[in-house]
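Colleague: My structure file structure31.cif, mmCIF, C-alpha atoms, is below:
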data_work
loop_
_atom_site.label_atom_id
_atom_site.label_comp_id
_atom_site.auth_asym_id
_atom_site.auth_seq_id
_atom_site.Cartn_x
_atom_site.Cartn_y
_atom_site.Cartn_z
CA MET A 1 -6.72 -44.15 1.57
CA THR A 2 -5.94 -44.28 -2.12
CA ARG A 3 -3.30 -42.00 -3.55
CA LYS A 4 -5.95 -39.98 -5.34
CA THR A 5 -8.04 -39.32 -2.26
CA PHE A 6 -4.93 -38.52 -0.30
CA LEU A 7 -3.92 -35.91 -2.86
CA ARG A 8 -7.37 -34.45 -2.73
CA THR A 9 -7.19 -34.26 1.05
CA ALA A 10 -3.79 -32.66 0.79
CA ALA A 11 -5.10 -30.11 -1.67
CA ALA A 12 -7.93 -29.25 0.69
CA ALA A 13 -5.45 -28.93 3.50
CA LEU A 14 -3.40 -26.57 1.36
CA THR A 15 -6.15 -24.04 1.24
CA LEU A 16 -6.75 -24.30 4.94
CA SER A 17 -3.25 -24.43 6.17
CA ALA A 18 -0.62 -21.82 5.57
CA ALA A 19 1.86 -24.09 7.30
CA PHE A 20 1.64 -26.80 4.71
CA ALA A 21 0.81 -24.62 1.77
CA ALA A 22 3.85 -22.46 2.26
CA GLN A 23 6.07 -25.48 1.82
CA ALA A 24 5.02 -25.87 -1.75
CA HIS A 25 2.80 -23.04 -2.81
CA ASN A 26 2.38 -19.34 -2.36
CA VAL A 27 -0.74 -18.26 -0.53
CA TRP A 28 -1.84 -14.73 -1.22
CA LEU A 29 -4.45 -12.01 -1.00
CA LEU A 30 -4.45 -9.42 -3.75
CA PRO A 31 -6.34 -6.14 -3.19
CA SER A 32 -7.41 -4.01 -6.15
CA THR A 33 -5.55 -1.10 -4.55
CA THR A 34 -3.87 -0.35 -1.24
CA VAL A 35 -4.31 3.43 -1.30
CA LEU A 36 -7.63 5.25 -1.35
CA SER A 37 -8.16 8.98 -1.13
CA LYS A 38 -11.73 8.69 0.12
CA PRO A 39 -13.92 6.01 1.74
CA ASP A 40 -14.55 3.50 -1.01
CA TRP A 41 -14.76 -0.16 -1.96
CA VAL A 42 -11.88 -2.47 -2.66
CA THR A 43 -12.12 -5.92 -4.18
CA VAL A 44 -9.75 -8.65 -3.09
CA ASP A 45 -8.67 -11.96 -4.66
CA GLY A 46 -7.26 -14.83 -2.65
CA ALA A 47 -5.56 -17.91 -4.00
CA VAL A 48 -3.00 -20.63 -3.53
CA SER A 49 -0.64 -20.81 -6.46
CA ASN A 50 3.02 -20.92 -7.40
CA ASP A 51 2.81 -17.90 -9.65
CA LEU A 52 2.41 -14.47 -8.10
CA PHE A 53 -0.29 -13.24 -8.53
CA VAL A 54 -1.85 -15.62 -11.00
CA ALA A 55 -4.77 -17.68 -9.73
CA ASN A 56 -4.14 -21.02 -11.41
CA HIS A 57 -4.22 -23.64 -8.71
CA PHE A 58 -6.65 -23.41 -5.83
CA PRO A 59 -8.93 -20.79 -4.24
CA LEU A 60 -8.03 -19.52 -0.76
CA SER A 61 -10.54 -20.52 1.87
CA LEU A 62 -12.18 -17.43 3.38
CA ASP A 63 -13.56 -19.27 6.43
CA ASN A 64 -11.08 -17.51 8.67
CA LEU A 65 -11.07 -14.12 7.01
CA GLN A 66 -10.61 -11.33 9.53
CA VAL A 67 -10.79 -7.72 8.44
CA THR A 68 -9.80 -5.20 11.11
CA ALA A 69 -10.74 -1.54 10.71
CA PRO A 70 -8.42 1.25 11.93
CA ASP A 71 -10.48 1.58 15.15
CA GLY A 72 -10.03 -2.13 15.89
CA SER A 73 -13.57 -3.14 14.97
CA LEU A 74 -14.14 -6.09 12.66
CA LEU A 75 -15.49 -5.52 9.19
CA LYS A 76 -17.65 -7.92 7.23
CA ALA A 77 -16.66 -8.96 3.72
CA GLU A 78 -19.33 -8.70 1.05
CA ASN A 79 -19.96 -10.69 -2.12
CA ALA A 80 -17.57 -13.37 -0.95
CA ALA A 81 -17.32 -16.29 -3.36
CA LYS A 82 -15.07 -19.27 -3.80
CA LEU A 83 -14.46 -19.71 -7.50
CA LYS A 84 -12.56 -22.44 -9.29
CA TYR A 85 -9.08 -20.97 -8.92
CA ARG A 86 -9.58 -17.97 -6.68
CA SER A 87 -11.76 -16.60 -3.95
CA VAL A 88 -13.07 -13.06 -4.15
CA PHE A 89 -14.68 -10.60 -1.78
CA ASP A 90 -15.47 -6.91 -1.57
CA LEU A 91 -14.87 -4.58 1.33
CA ASN A 92 -16.55 -1.28 1.96
CA LEU A 93 -14.05 0.84 3.87
CA PRO A 94 -15.93 3.64 5.64
CA GLN A 95 -13.35 5.35 7.84
CA PRO A 96 -9.86 6.81 7.30
CA GLY A 97 -6.85 4.79 8.37
CA THR A 98 -5.19 1.48 7.63
CA TYR A 99 -7.24 -1.72 7.35
CA ARG A 100 -5.77 -5.12 8.04
CA ILE A 101 -7.17 -7.87 5.83
CA ALA A 102 -6.09 -11.30 7.04
CA VAL A 103 -6.83 -14.97 6.64
CA LEU A 104 -5.82 -16.75 9.84
CA ASN A 105 -5.11 -20.43 9.79
CA GLY A 106 -4.68 -22.47 12.89
CA GLY A 107 -4.87 -26.17 13.16
CA VAL A 108 -3.47 -29.41 14.42
CA PHE A 109 -2.08 -32.11 12.17
CA ALA A 110 -1.46 -35.68 13.15
CA SER A 111 0.25 -38.55 11.43
CA TRP A 112 0.57 -42.11 12.71
CA LYS A 113 1.18 -45.66 11.62
CA ASP A 114 -1.86 -47.89 11.61
CA LYS A 115 -1.07 -50.90 13.78
CA ALA A 116 -2.94 -53.43 11.66
CA THR A 117 -1.84 -52.39 8.16
CA GLY A 118 1.36 -50.45 8.84
CA GLN A 119 0.09 -47.63 6.62
CA ILE A 120 0.76 -43.97 7.42
CA LYS A 121 -2.46 -42.17 8.30
CA ARG A 122 -3.01 -38.45 8.58
CA ALA A 123 -5.69 -36.25 10.11
CA ARG A 124 -6.31 -32.58 10.51
CA GLY A 125 -8.44 -31.01 13.20
CA THR A 126 -8.67 -28.83 16.21
CA PRO A 127 -6.95 -29.36 19.56
CA GLU A 128 -10.23 -30.83 20.87
CA THR A 129 -10.96 -33.21 18.02
CA ILE A 130 -7.56 -34.44 16.96
CA THR A 131 -7.15 -37.07 19.67
CA LYS A 132 -10.49 -38.64 18.75
CA ASP A 133 -9.22 -39.26 15.22
CA ILE A 134 -6.17 -41.18 16.35
CA PRO A 135 -6.79 -44.82 17.30
CA ALA A 136 -5.61 -45.81 20.75
CA ASP A 137 -3.23 -48.39 19.31
CA ALA A 138 -1.67 -46.04 16.73
CA GLN A 139 2.10 -46.11 16.46
CA ASP A 140 4.62 -43.33 15.81
CA VAL A 141 2.08 -40.61 16.53
CA ASN A 142 3.31 -37.19 15.53
CA ILE A 143 1.18 -34.12 16.23
CA THR A 144 2.04 -30.69 14.93
CA GLN A 145 0.29 -27.41 15.56
CA SER A 146 0.23 -24.71 12.91
CA ALA A 147 -0.55 -21.01 12.94
CA GLY A 148 -0.48 -18.94 9.80
CA ARG A 149 -1.44 -15.44 8.82
CA ILE A 150 -1.92 -14.33 5.23
CA GLU A 151 -2.67 -10.67 4.93
CA THR A 152 -2.66 -7.40 3.09
CA PHE A 153 -3.32 -3.78 3.99
CA VAL A 154 -5.39 -0.96 2.55
CA THR A 155 -5.27 2.67 3.67
CA VAL A 156 -7.98 5.29 3.30
CA GLY A 157 -6.49 8.78 3.63
CA LYS A 158 -3.85 9.06 6.32
CA PRO A 159 -2.24 5.75 7.41
CA THR A 160 -2.58 4.46 10.96
CA PRO A 161 -0.07 2.10 12.61
CA ILE A 162 -0.74 -1.64 12.72
CA LYS A 163 -1.38 -2.82 16.26
CA PRO A 164 0.00 -6.28 16.98
CA THR A 165 -2.37 -9.04 18.07
CA GLY A 166 0.39 -10.73 20.07
CA GLN A 167 -0.39 -14.06 18.47
CA GLY A 168 1.83 -15.95 16.08
CA LEU A 169 3.99 -14.35 13.43
CA GLU A 170 2.90 -10.92 12.31
CA LEU A 171 4.22 -7.81 10.65
CA VAL A 172 3.90 -4.39 12.24
CA SER A 173 4.63 -1.11 10.57
CA ALA A 174 3.81 2.54 10.94
CA SER A 175 2.36 2.34 7.46
CA PRO A 176 2.51 -0.90 5.45
CA THR A 177 0.91 0.80 2.44
CA ASP A 178 3.60 3.48 2.21
CA ASN A 179 6.10 1.88 -0.15
CA ALA A 180 7.66 3.48 -3.22
CA LYS A 181 10.21 2.46 -5.82
CA GLY A 182 13.77 3.39 -4.77
CA GLU A 183 12.70 4.08 -1.19
CA THR A 184 13.37 1.91 1.84
CA SER A 185 10.57 0.56 4.02
CA THR A 186 11.24 -0.77 7.50
CA PHE A 187 9.04 -3.38 9.13
CA THR A 188 9.06 -5.34 12.36
CA LEU A 189 8.28 -9.02 12.55
CA LEU A 190 6.81 -10.19 15.84
CA LEU A 191 6.40 -13.69 17.23
CA ASP A 192 3.69 -13.79 19.90
CA GLY A 193 4.16 -10.05 20.32
CA GLN A 194 7.94 -10.28 20.85
CA PRO A 195 10.61 -9.39 18.26
CA ALA A 196 11.16 -12.31 15.88
CA LYS A 197 14.95 -12.22 15.79
CA GLY A 198 17.15 -13.60 13.04
CA LEU A 199 14.29 -14.79 10.83
CA GLU A 200 14.72 -14.87 7.09
CA VAL A 201 12.13 -12.90 5.14
CA ALA A 202 11.66 -13.56 1.44
CA VAL A 203 10.38 -10.73 -0.75
CA ILE A 204 9.20 -11.47 -4.29
CA GLU A 205 7.74 -9.10 -6.83
CA GLY A 206 4.54 -10.20 -8.57
CA ASN A 207 4.30 -10.95 -12.29
CA THR A 208 6.64 -13.91 -11.84
CA VAL A 209 5.22 -15.51 -14.99
CA TYR A 210 6.60 -12.66 -17.09
CA ARG A 211 10.25 -13.08 -16.19
CA ASP A 212 12.77 -15.91 -16.23
CA GLN A 213 14.23 -15.47 -12.76
CA LEU A 214 12.35 -15.26 -9.48
CA ASN A 215 14.64 -12.41 -8.26
CA GLU A 216 13.77 -13.17 -4.67
CA LEU A 217 15.17 -10.73 -2.09
CA LYS A 218 16.18 -12.29 1.20
CA VAL A 219 16.60 -10.23 4.34
CA LYS A 220 17.10 -11.18 7.96
CA THR A 221 15.41 -9.60 10.94
CA ASP A 222 17.69 -7.96 13.52
CA ASP A 223 17.55 -8.21 17.32
CA GLN A 224 14.50 -5.96 17.40
CA GLY A 225 12.79 -8.08 14.76
CA ARG A 226 13.27 -5.29 12.24
CA PHE A 227 14.11 -5.61 8.59
CA SER A 228 14.27 -3.19 5.67
CA VAL A 229 13.48 -3.52 2.01
CA THR A 230 14.61 -1.08 -0.68
CA TRP A 231 12.11 -1.51 -3.47
CA PRO A 232 13.77 -2.10 -6.86
CA SER A 233 10.62 -1.41 -8.85
CA ALA A 234 6.94 -0.60 -8.52
CA GLY A 235 4.30 -3.29 -8.29
CA MET A 236 2.64 -5.76 -5.96
CA TYR A 237 5.10 -7.65 -3.77
CA TRP A 238 4.73 -10.80 -1.73
CA LEU A 239 6.59 -11.18 1.51
CA GLU A 240 6.95 -14.40 3.45
CA ALA A 241 8.51 -15.66 6.66
CA GLY A 242 8.20 -18.84 8.67
CA THR A 243 9.58 -20.49 11.76
CA ARG A 244 9.07 -23.42 14.10
CA ASP A 245 9.14 -23.67 17.86
CA ASN A 246 7.81 -25.83 20.66
CA LYS A 247 5.39 -23.32 22.22
CA THR A 248 2.35 -25.39 21.43
CA THR A 249 -0.99 -24.81 23.06
CA VAL A 250 -1.96 -28.41 22.25
CA PRO A 251 -0.50 -30.70 24.92
CA GLN A 252 0.09 -33.59 22.51
CA ALA A 253 1.82 -31.43 19.90
CA LYS A 254 5.60 -31.38 19.93
CA GLU A 255 6.07 -28.64 17.41
CA ARG A 256 4.42 -25.42 16.32
CA ARG A 257 4.86 -24.25 12.74
CA LEU A 258 4.34 -20.54 12.13
CA ASN A 259 3.94 -18.81 8.84
CA TYR A 260 3.36 -15.30 7.67
CA ALA A 261 2.70 -13.90 4.20
CA ALA A 262 1.77 -10.38 3.16
CA THR A 263 1.03 -8.62 -0.09
CA LEU A 264 2.38 -5.07 -0.27
CA GLU A 265 2.02 -2.49 -2.99
CA VAL A 266 4.96 -0.39 -4.15
CA ALA A 267 4.17 2.88 -5.91
CA PRO A 268 6.18 4.05 -8.95
CA MET B 1 -3.92 33.34 -3.66
CA HIS B 2 -5.27 31.77 -6.74
CA LEU B 3 -5.96 33.88 -9.78
CA ARG B 4 -7.73 33.21 -12.98
CA TYR B 5 -5.61 33.32 -16.10
CA PRO B 6 -6.68 36.62 -17.66
CA LEU B 7 -6.15 38.54 -14.45
CA ALA B 8 -2.87 36.95 -13.51
CA PRO B 9 -0.45 39.19 -15.48
CA ILE B 10 -1.94 42.30 -13.91
CA ALA B 11 -1.81 40.77 -10.50
CA LEU B 12 1.77 39.65 -11.00
CA SER B 13 2.96 43.06 -12.08
CA ALA B 14 1.07 44.63 -9.21
CA LEU B 15 2.76 42.23 -6.87
CA PHE B 16 6.26 42.63 -8.26
CA ALA B 17 6.29 46.29 -9.29
CA GLY B 18 5.13 48.05 -6.17
CA PRO B 19 7.26 48.88 -3.15
CA ALA B 20 6.06 45.68 -1.56
CA VAL B 21 7.89 44.51 1.50
CA ALA B 22 6.66 40.95 1.28
CA ALA B 23 8.64 38.58 -0.94
CA GLY B 24 6.73 36.99 -3.78
CA LEU B 25 6.69 33.68 -5.55
CA GLY B 26 5.17 33.20 -8.99
CA VAL B 27 4.50 29.83 -10.59
CA ASN B 28 3.67 29.29 -14.25
CA VAL B 29 2.33 25.88 -15.14
CA GLU B 30 1.87 24.90 -18.77
CA ILE B 31 -0.55 22.09 -19.46
CA PRO B 32 0.36 20.73 -22.91
CA ARG B 33 -2.18 20.26 -25.65
CA LEU B 34 -2.22 16.52 -26.35
CA ASN B 35 -3.43 14.76 -29.46
CA VAL B 36 -5.14 11.79 -27.86
CA SER B 37 -8.47 10.14 -28.58
CA GLU B 38 -9.73 10.39 -25.01
CA TYR B 39 -8.62 13.52 -23.22
CA HIS B 40 -9.35 14.50 -19.67
CA ARG B 41 -7.88 17.55 -18.03
CA PRO B 42 -5.08 16.52 -15.66
CA TYR B 43 -5.15 16.69 -11.92
CA VAL B 44 -2.30 19.03 -10.92
CA ALA B 45 -0.66 19.74 -7.58
CA ALA B 46 2.02 22.33 -6.84
CA TRP B 47 3.78 22.41 -3.51
CA ILE B 48 6.96 23.46 -1.71
CA GLU B 49 9.25 20.84 -0.22
CA ARG B 50 12.18 21.07 2.18
CA PRO B 51 15.44 19.22 1.39
CA ASP B 52 14.28 16.23 3.48
CA ASN B 53 11.14 15.91 1.30
CA THR B 54 8.82 17.17 4.01
CA VAL B 55 6.25 19.61 2.71
CA ALA B 56 6.31 23.27 3.69
CA THR B 57 3.02 24.10 1.97
CA THR B 58 0.69 23.08 -0.81
CA LEU B 59 0.22 25.97 -3.23
CA ALA B 60 -2.42 24.60 -5.58
CA VAL B 61 -4.41 21.45 -6.33
CA TRP B 62 -6.63 21.20 -9.38
CA TYR B 63 -9.05 18.29 -9.44
CA ASP B 64 -12.55 17.39 -10.51
CA VAL B 65 -14.54 19.41 -7.98
CA ARG B 66 -17.95 18.64 -9.49
CA THR B 67 -20.36 17.20 -6.97
CA LYS B 68 -22.75 14.32 -7.34
CA GLY B 69 -25.40 14.01 -4.67
CA GLY B 70 -23.56 16.55 -2.55
CA HIS B 71 -20.28 14.61 -2.69
CA GLU B 72 -17.10 15.42 -4.52
CA GLU B 73 -16.62 12.17 -6.40
CA GLY B 74 -13.42 13.47 -7.96
CA THR B 75 -11.54 13.16 -4.67
CA LYS B 76 -11.39 9.43 -5.45
CA TRP B 77 -8.53 10.11 -7.88
CA LEU B 78 -6.52 12.55 -5.75
CA LYS B 79 -4.31 9.60 -4.82
CA ASP B 80 -3.17 9.45 -8.45
CA LEU B 81 -1.14 12.57 -7.72
CA ARG B 82 0.95 9.91 -6.06
CA GLN B 83 3.86 11.93 -4.81
CA TRP B 84 1.77 14.80 -3.52
CA TRP B 85 -0.63 12.31 -1.93
CA ARG B 86 2.13 10.50 -0.02
CA ARG B 87 4.03 13.61 0.97
CA THR B 88 1.11 15.73 2.14
CA GLY B 89 -2.21 15.23 0.32
CA ARG B 90 -3.46 12.48 2.59
CA GLU B 91 -2.89 14.72 5.62
CA LEU B 92 -5.11 17.44 4.23
CA SER B 93 -8.84 17.80 3.95
CA VAL B 94 -10.11 19.17 0.64
CA PRO B 95 -11.46 21.57 -0.47
CA ILE B 96 -8.94 24.12 0.84
CA ASP B 97 -9.84 27.75 0.35
CA GLY B 98 -7.42 29.47 -2.02
CA VAL B 99 -5.59 26.22 -2.82
CA THR B 100 -7.92 23.72 -4.43
CA GLY B 101 -9.88 24.40 -7.58
CA ALA B 102 -11.26 22.87 -10.72
CA THR B 103 -9.08 21.19 -13.34
CA ARG B 104 -7.76 23.56 -16.01
CA PRO B 105 -7.54 23.33 -19.78
CA ALA B 106 -4.39 23.14 -21.89
CA GLY B 107 -2.45 26.41 -21.79
CA THR B 108 -0.26 28.35 -19.40
CA HIS B 109 -1.62 29.12 -15.98
CA GLN B 110 -0.05 31.78 -13.80
CA LEU B 111 -0.19 31.68 -10.05
CA ALA B 112 1.16 34.31 -7.69
CA PHE B 113 1.81 33.96 -3.99
CA SER B 114 3.12 36.44 -1.47
CA GLU B 115 4.90 35.99 1.79
CA GLY B 116 2.73 36.19 4.84
CA THR B 117 -0.41 35.30 2.94
CA GLN B 118 -1.82 31.79 2.74
CA PRO B 119 -1.01 29.38 1.22
CA LEU B 120 2.62 30.54 1.08
CA GLY B 121 2.66 31.95 4.58
CA GLN B 122 6.04 32.36 6.26
CA LEU B 123 8.84 30.16 4.99
CA ALA B 124 11.86 29.82 7.25
CA PRO B 125 15.07 30.85 5.43
CA GLY B 126 16.65 27.88 3.66
CA SER B 127 16.66 25.59 0.65
CA TYR B 128 13.40 24.50 -0.90
CA LYS B 129 12.01 22.84 -3.99
CA LEU B 130 8.94 23.79 -5.94
CA VAL B 131 7.31 20.54 -7.06
CA VAL B 132 4.59 20.30 -9.69
CA GLU B 133 2.87 16.99 -10.40
CA ALA B 134 0.28 16.23 -13.07
CA ALA B 135 -1.75 13.04 -13.47
CA ARG B 136 -4.29 12.47 -16.20
CA GLU B 137 -7.15 9.97 -16.38
CA VAL B 138 -6.30 7.29 -19.01
CA GLY B 139 -3.01 9.17 -19.40
CA GLY B 140 0.30 9.44 -17.64
CA ARG B 141 1.85 11.19 -14.71
CA GLU B 142 4.78 13.59 -14.51
CA VAL B 143 6.61 15.37 -11.71
CA LEU B 144 8.92 18.37 -12.12
CA SER B 145 10.87 20.09 -9.40
CA LEU B 146 12.80 23.35 -9.21
CA PRO B 147 15.19 24.06 -6.33
CA PHE B 148 15.34 27.56 -4.85
CA GLN B 149 16.61 29.53 -1.88
CA TRP B 150 14.30 31.49 0.42
CA PRO B 151 14.16 34.38 0.94
CA PRO B 152 15.29 35.49 -2.52
CA VAL B 153 18.03 38.15 -2.53
CA GLN B 154 17.21 39.29 -6.05
CA ALA B 155 14.54 38.65 -8.65
CA THR B 156 15.24 35.24 -10.16
CA GLN B 157 13.64 32.86 -12.58
CA ALA B 158 14.06 29.15 -13.06
CA SER B 159 12.24 26.77 -15.33
CA ALA B 160 11.92 23.10 -16.18
CA LYS B 161 10.28 21.47 -19.14
CA GLY B 162 8.15 18.37 -18.93
CA LYS B 163 8.08 15.65 -21.55
CA ASP B 164 4.57 14.23 -21.35
CA GLU B 165 1.99 15.61 -18.99
CA LEU B 166 3.55 18.98 -18.23
CA GLY B 167 4.92 21.70 -20.48
CA GLU B 168 7.13 24.42 -19.06
CA VAL B 169 7.01 25.06 -15.34
CA ARG B 170 8.51 28.40 -14.38
CA LEU B 171 9.32 29.75 -10.96
CA GLU B 172 9.71 33.50 -10.42
CA LEU B 173 11.07 34.84 -7.18
CA LYS B 174 10.91 38.44 -6.09
CA PRO B 175 12.56 39.75 -2.91
#
Here is a file; write its structure as structure tokens.
Modeller:
Amino acid sequence: MTRKTFLRTAAAALTLSAAFAAQAHNVWLLPSTTVLSKPDWVTVDGAVSNDLFVANHFPLSLDNLQVTAPDGSLLKAENAAKLKYRSVFDLNLPQPGTYRIAVLNGGVFASWKDKATGQIKRARGTPETITKDIPADAQDVNITQSAGRIETFVTVGKPTPIKPTGQGLELVSASPTDNAKGETSTFTLLLDGQPAKGLEVAVIEGNTVYRDQLNELKVKTDDQGRFSVTWPSAGMYWLEAGTRDNKTTVPQAKERRLNYAATLEVAP
Amino acid sequence: MHLRYPLAPIALSALFAGPAVAAGLGVNVEIPRLNVSEYHRPYVAAWIERPDNTVATTLAVWYDVRTKGGHEEGTKWLKDLRQWWRRTGRELSVPIDGVTGATRPAGTHQLAFSEGTQPLGQLAPGSYKLVVEAAREVGGREVLSLPFQWPPVQATQASAKGKDELGEVRLELKP
């Protein structure tokens, strides 16, 4: 594999994998609003980029987009398109309550040394396919599983609590769209449905290109997985957390990488 | 109770002058005349809050009540009364008889409420705040609040002056 094709493969992996993307880039969804006073449409952008929320690097793949309505039913995105630097889609939100808009990324990554050439090879796939990609005589095989969730929330009328899926890293809150400048919001981070204790959560306000410092807030989850953020100003915020463990569902994988990112709106 | 401007002074004096047993609360809201190229009448909400910011009652909400195809399209922008929306608006279902109404022009609007009658109803004795919020399409937003004690022991007045979207807001209490 030439360097150029490798980079291209890596770039493609970025859009598919929160685990890898989060190492270098921010992955985000950006809704046109998070608060609606009547059933209405929202339009959402999704991208992979360093600058929040400027789409200048790569569009977010919408293959694993999952929109959950307040009643638990799944909602279909409309007018979805993958543009040069961003993906877009519309959502028609018919019922009151809080909608969960998520892109879920799961996958298995393998790297190994080719016996004949000594070169490092990489492959990405599913638990079923990954072993087929690795030659029987491969050396130093390293398989990693990843699970990532990139999401945002929109509420029509009165908010409804977010019900955990029990899978991977996720944020639960009585009302993730209820944030205001100067007020404190409390969230709970769960790992496979259990409190994610002692995890560092990074909180960054958008418009990073219009200031010199990132001004990242860092908070740690407590024993109940809870953490609080007092919002310094109004705007769209990006929140991220990640961890690693060995609870893989792929027998060959030694490690599971988990990532979570959410976009939250803070009212003035 | 929600009275049109020309009738309000009569109603107020009737409310305050008679040997009424019920305490009364009068609210004057001034919508300023603005020299802007594109003017839309503001959405306005007036409500009563407890010290912990929970809402005792919504007194008035003025929004675009015109219907299109049988639907009130103007409810789309009720969320722009951001504070009212978060504190209570999203819990309510509009229209509310005697509370919601059409947007109003620049000028002073007088509202009178009496104890025991909706929307004021019965307020438990204690500290409260009258909050008035205005939000204007292609304009700004402003919130004013006036603290008061209920029930009033004597006739009192308090007022606050807005800078942008609200003029003077005056609260009149009558025991």
Colleague: Could you tell me which residues the PyMOL selection byres ((chain A) within 8 of (chain B)) grabs in this file, written as a list in words?
Modeller: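 That selection, the PyMOL selection byres ((chain A) within 8 of (chain B)), comes back as Val35, Leu36, Ser37, Lys38, Gly157, Lys158, Asp178 and Ala267 of chain A.
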Colleague: On this structure, the PyMOL selection byres ((chain A and resi 65) around 6) would catch which residues? List them as a ChimeraX atom specification, sorted by chain and number.
Modeller: /A:62-64,66,102-103
Colleague: Using Å and a single decimal, report how far CA of Tyr85 in chain A sits from CA of Leu171 in chain A.
Modeller: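 Computing it gives 27.1 Å between the two atoms.
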Colleague: Where does the PyMOL selection byres ((chain B and resi 98) around 8) land in this file, that is, which residues does it pick, as a ChimeraX atom specification?
Modeller: /B:1-2,60,96-97,99-101,118-119
Colleague: Could you write out that same residue set with C-alpha atoms as a PDB file, in the frame of the given file?
Modeller:
ATOM      1  CA  MET B   1      -3.920  33.340  -3.660  1.00  0.00           C
ATOM      2  CA  HIS B   2      -5.270  31.770  -6.740  1.00  0.00           C
ATOM      3  CA  ALA B  60      -2.420  24.600  -5.580  1.00  0.00           C
ATOM      4  CA  ILE B  96      -8.940  24.120   0.840  1.00  0.00           C
ATOM      5  CA  ASP B  97      -9.840  27.750   0.350  1.00  0.00           C
ATOM      6  CA  VAL B  99      -5.590  26.220  -2.820  1.00  0.00           C
ATOM      7  CA  THR B 100      -7.920  23.720  -4.430  1.00  0.00           C
ATOM      8  CA  GLY B 101      -9.880  24.400  -7.580  1.00  0.00           C
ATOM      9  CA  GLN B 118      -1.820  31.790   2.740  1.00  0.00           C
ATOM     10  CA  PRO B 119      -1.010  29.380   1.220  1.00  0.00           C
TER      11      PRO B 119
END
Colleague: Please compute the CA of Gly118 in chain A-CA of Pro135 in chain A distance, one decimal, in Å.
Modeller: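 Spanning CA of Gly118 in chain A to CA of Pro135 in chain A is a straight-line distance of 13.0 Å.
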Colleague: Report the distance between CA of Val169 in chain B and CA of Phe148 in chain B in Å, rounded to one decimal place.
Modeller: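 Going from CA of Val169 in chain B over to CA of Phe148 in chain B covers 13.6 Å.
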Colleague: Which residues come within 8 Å of Glu200 in chain A, counting only C-alpha atoms, excluding same-chain residues fewer than 3 positions away, as number ranges by chain?
Modeller: A: 218-221, 241-242
Colleague: Have a look at B:Gly116, B:Pro147, B:Gly140, B:Gly126 and name the one nearest to Gly162 in chain B; count all atoms listed in the file.
Modeller: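 Of B:Gly116, B:Pro147, B:Gly140, B:Gly126, the one nearest Gly162 in chain B is B:Gly140, counting all atoms listed in the file.
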Colleague: Within 6 Å of range 22-39 of chain B, counting all atoms listed in the file, which residues show up once you throw out same-chain ones fewer than 5 positions away? Write them as a PyMOL selection string, please.
Modeller: chain B and resi 106-115+166-175
Colleague: Near Glu142 in chain B, counting only C-alpha atoms, which residues have an atom at most 6 Å away, once you skip same-chain residues fewer than 4 positions from it, shown as a VMD selection string?
Modeller: chain B and resid 133 to 134 165
Colleague: Point out the residue among B:Tyr43, B:Ala158, B:Arg50, B:Asp164 with the least atom-to-atom distance to Arg104 in chain B, counting all atoms listed in the file.
Modeller: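 Checking each candidate against Arg104 in chain B, we get B:Tyr43 as the closest.
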